[in-house]
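A quick write-up on the structure given underneath.
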Amino acid sequence: MRIVLYEPRHRDGFIRLNRAWIERSFRLEENDLELFGHLDERVSDGALVLIGEEDGEVVATCMASPLGDGVWELEKLTTAENLRGRGIGTAMLRACLDGIRGRGGIRVVLLTNSALEGAIRMYRREGFVDVPVDPSWGYDRVDVQMELTLQDASSGRRPS
């Protein structure tokens with residue numbers, strides 16, 4: 001698998017993979033539909049979208065959107081179900097975090113659900129910690145919010 005920056009040719013694969021994981025355990029919400037309908041505009045507005053490709057097919061996605069003041073939201077991290085357990089999700093997460101750092105990010109927030117135990121274990125392994133859920137995000141399925149303070153790549157230390 002190779003990780004590449006999103007291009008419009010990846011749009012259908014991005015939506016297909018993310019619809020699949022959401023609909024498997026939850027239901028699509030208005031925020032999901034808005035993102036899918038405006039994905040290219042979100043990229044134009046500064047969102048970072050990475051695509052995992054294998055044999056020309058989209059097999060993984062990870063998105064991060066700037067919220068301001070160095071804070072980014074990690075969104076839509078998924079791997080094709082038949083490829084799970086191969087470390088692809090971790091590779092996508094690490095590449096996305098590197099991309100956020102490269103764009104001046106200092107803190108990353110993510111929203112998830114406690115039913116996604118494997119994802120939560122991965123996030124914790126990568127240094128994310130639980131914080132109280134902010135209900136203003138507007139997702140019904142969210143019952144876990146996590147954050148990560150990024151290390152300064154040059155010093156290896158977390159910003160103070």
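Ordering of the structure tokens sets the chain letters (A, B, ...), residue numbers begin anew at 1 in every chain, and ligands are numbered from 1 in the order given.
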
Problem set entry | Those in chain A with alpha helix (DSSP H) from DSSP, as a PyMOL selection string | chain A and resi 11-25+30-37+39-44+88-102+117-125

Problem set entry | Contacts of Val109 (chain A) at 8 Å (only C-alpha atoms; same-chain gap of 4+ positions) as a VMD selection string | chain A and resid 71 to 74 145 to 148

Convert the current residue selection to file output with N, CA, C and O atoms, as an mmCIF file, in the first residue's frame.
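As written to disk, result.cif reads:
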```
data_model
loop_
_atom_site.group_PDB
_atom_site.id
_atom_site.type_symbol
_atom_site.label_atom_id
_atom_site.label_comp_id
_atom_site.auth_asym_id
_atom_site.auth_seq_id
_atom_site.Cartn_x
_atom_site.Cartn_y
_atom_site.Cartn_z
ATOM 1 N N VAL A 71 -5.021 23.881 16.177
ATOM 2 C CA VAL A 71 -5.843 22.723 16.543
ATOM 3 C C VAL A 71 -6.452 22.131 15.276
ATOM 4 O O VAL A 71 -6.953 22.858 14.419
ATOM 5 N N TRP A 72 -6.383 20.801 15.176
ATOM 6 C CA TRP A 72 -6.926 20.075 14.026
ATOM 7 C C TRP A 72 -7.872 18.995 14.513
ATOM 8 O O TRP A 72 -7.676 18.425 15.591
ATOM 9 N N GLU A 73 -8.883 18.697 13.706
ATOM 10 C CA GLU A 73 -9.775 17.576 13.984
ATOM 11 C C GLU A 73 -9.404 16.415 13.074
ATOM 12 O O GLU A 73 -9.344 16.577 11.852
ATOM 13 N N LEU A 74 -9.158 15.253 13.659
ATOM 14 C CA LEU A 74 -8.911 14.038 12.904
ATOM 15 C C LEU A 74 -10.267 13.415 12.581
ATOM 16 O O LEU A 74 -11.105 13.250 13.470
ATOM 17 N N GLN A 145 -14.358 11.473 23.203
ATOM 18 C CA GLN A 145 -13.548 12.517 22.588
ATOM 19 C C GLN A 145 -12.133 12.336 23.111
ATOM 20 O O GLN A 145 -11.930 12.083 24.298
ATOM 21 N N MET A 146 -11.165 12.444 22.212
ATOM 22 C CA MET A 146 -9.761 12.263 22.585
ATOM 23 C C MET A 146 -8.939 13.400 22.000
ATOM 24 O O MET A 146 -9.337 14.024 21.013
ATOM 25 N N GLU A 147 -7.780 13.641 22.624
ATOM 26 C CA GLU A 147 -6.875 14.684 22.147
ATOM 27 C C GLU A 147 -5.441 14.206 22.230
ATOM 28 O O GLU A 147 -5.098 13.344 23.035
ATOM 29 N N LEU A 148 -4.620 14.815 21.393
ATOM 30 C CA LEU A 148 -3.188 14.555 21.380
ATOM 31 C C LEU A 148 -2.472 15.877 21.192
ATOM 32 O O LEU A 148 -2.809 16.643 20.278
#
```

For this session: Name all residues at most 9 Å from Glu53 (chain A) (count only C-alpha atoms; drop same-chain ones fewer than 3 positions away) and give them as an MDAnalysis selection string.
Result: chainID A and resid 1:4 56:60

Those selected residues, please, written with N, CA, C and O atoms and delivered as a PDB file, in the first residue's frame.
```pdb
ATOM      1  N   MET A   1       0.836  -1.173   0.000  1.00  0.00           N
ATOM      2  CA  MET A   1       0.000   0.000   0.000  1.00  0.00           C
ATOM      3  C   MET A   1       0.884   1.240   0.000  1.00  0.00           C
ATOM      4  O   MET A   1       1.910   1.261   0.653  1.00  0.00           O
ATOM      5  N   ARG A   2       0.430   2.249  -0.718  1.00  0.00           N
ATOM      6  CA  ARG A   2       1.137   3.527  -0.663  1.00  0.00           C
ATOM      7  C   ARG A   2       0.158   4.594  -0.205  1.00  0.00           C
ATOM      8  O   ARG A   2      -1.048   4.518  -0.496  1.00  0.00           O
ATOM      9  N   ILE A   3       0.664   5.571   0.527  1.00  0.00           N
ATOM     10  CA  ILE A   3      -0.151   6.657   1.047  1.00  0.00           C
ATOM     11  C   ILE A   3       0.104   7.884   0.187  1.00  0.00           C
ATOM     12  O   ILE A   3       1.252   8.288  -0.002  1.00  0.00           O
ATOM     13  N   VAL A   4      -0.974   8.455  -0.337  1.00  0.00           N
ATOM     14  CA  VAL A   4      -0.890   9.611  -1.231  1.00  0.00           C
ATOM     15  C   VAL A   4      -1.865  10.684  -0.770  1.00  0.00           C
ATOM     16  O   VAL A   4      -2.825  10.408  -0.047  1.00  0.00           O
ATOM     17  N   GLY A  56      -4.182   0.652  -7.259  1.00  0.00           N
ATOM     18  CA  GLY A  56      -5.030   1.702  -7.789  1.00  0.00           C
ATOM     19  C   GLY A  56      -6.365   1.869  -7.095  1.00  0.00           C
ATOM     20  O   GLY A  56      -7.159   2.733  -7.466  1.00  0.00           O
ATOM     21  N   GLU A  57      -6.630   1.066  -6.080  1.00  0.00           N
ATOM     22  CA  GLU A  57      -7.897   1.129  -5.356  1.00  0.00           C
ATOM     23  C   GLU A  57      -7.710   1.820  -4.010  1.00  0.00           C
ATOM     24  O   GLU A  57      -6.696   1.631  -3.340  1.00  0.00           O
ATOM     25  N   VAL A  58      -8.707   2.617  -3.599  1.00  0.00           N
ATOM     26  CA  VAL A  58      -8.694   3.262  -2.284  1.00  0.00           C
ATOM     27  C   VAL A  58      -9.000   2.194  -1.237  1.00  0.00           C
ATOM     28  O   VAL A  58     -10.073   1.589  -1.246  1.00  0.00           O
ATOM     29  N   VAL A  59      -8.029   1.946  -0.342  1.00  0.00           N
ATOM     30  CA  VAL A  59      -8.202   0.929   0.693  1.00  0.00           C
ATOM     31  C   VAL A  59      -8.146   1.508   2.101  1.00  0.00           C
ATOM     32  O   VAL A  59      -8.392   0.790   3.075  1.00  0.00           O
ATOM     33  N   ALA A  60      -7.833   2.805   2.220  1.00  0.00           N
ATOM     34  CA  ALA A  60      -7.785   3.450   3.528  1.00  0.00           C
ATOM     35  C   ALA A  60      -7.889   4.954   3.337  1.00  0.00           C
ATOM     36  O   ALA A  60      -7.497   5.480   2.292  1.00  0.00           O
TER      37      ALA A  60
END
```

For this session: Check the smallest atom-to-atom distance from each of A:Gly138, A:Gly70, A:Gly37, A:Gly52 to Arg103 (chain A) using only C-alpha atoms, then report the winner.
Result: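 The answer is A:Gly70, which sits nearest to Arg103 (chain A).
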
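For the choices A:Trp21, A:Glu41, A:Thr90, A:Ile100, the atom-to-atom distance to Arg124 (chain A) is smallest for A:Thr90 when using only C-alpha atoms.
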
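Note that CA of Arg141 (chain A) and CA of Arg121 (chain A) are 18.2 Å apart.
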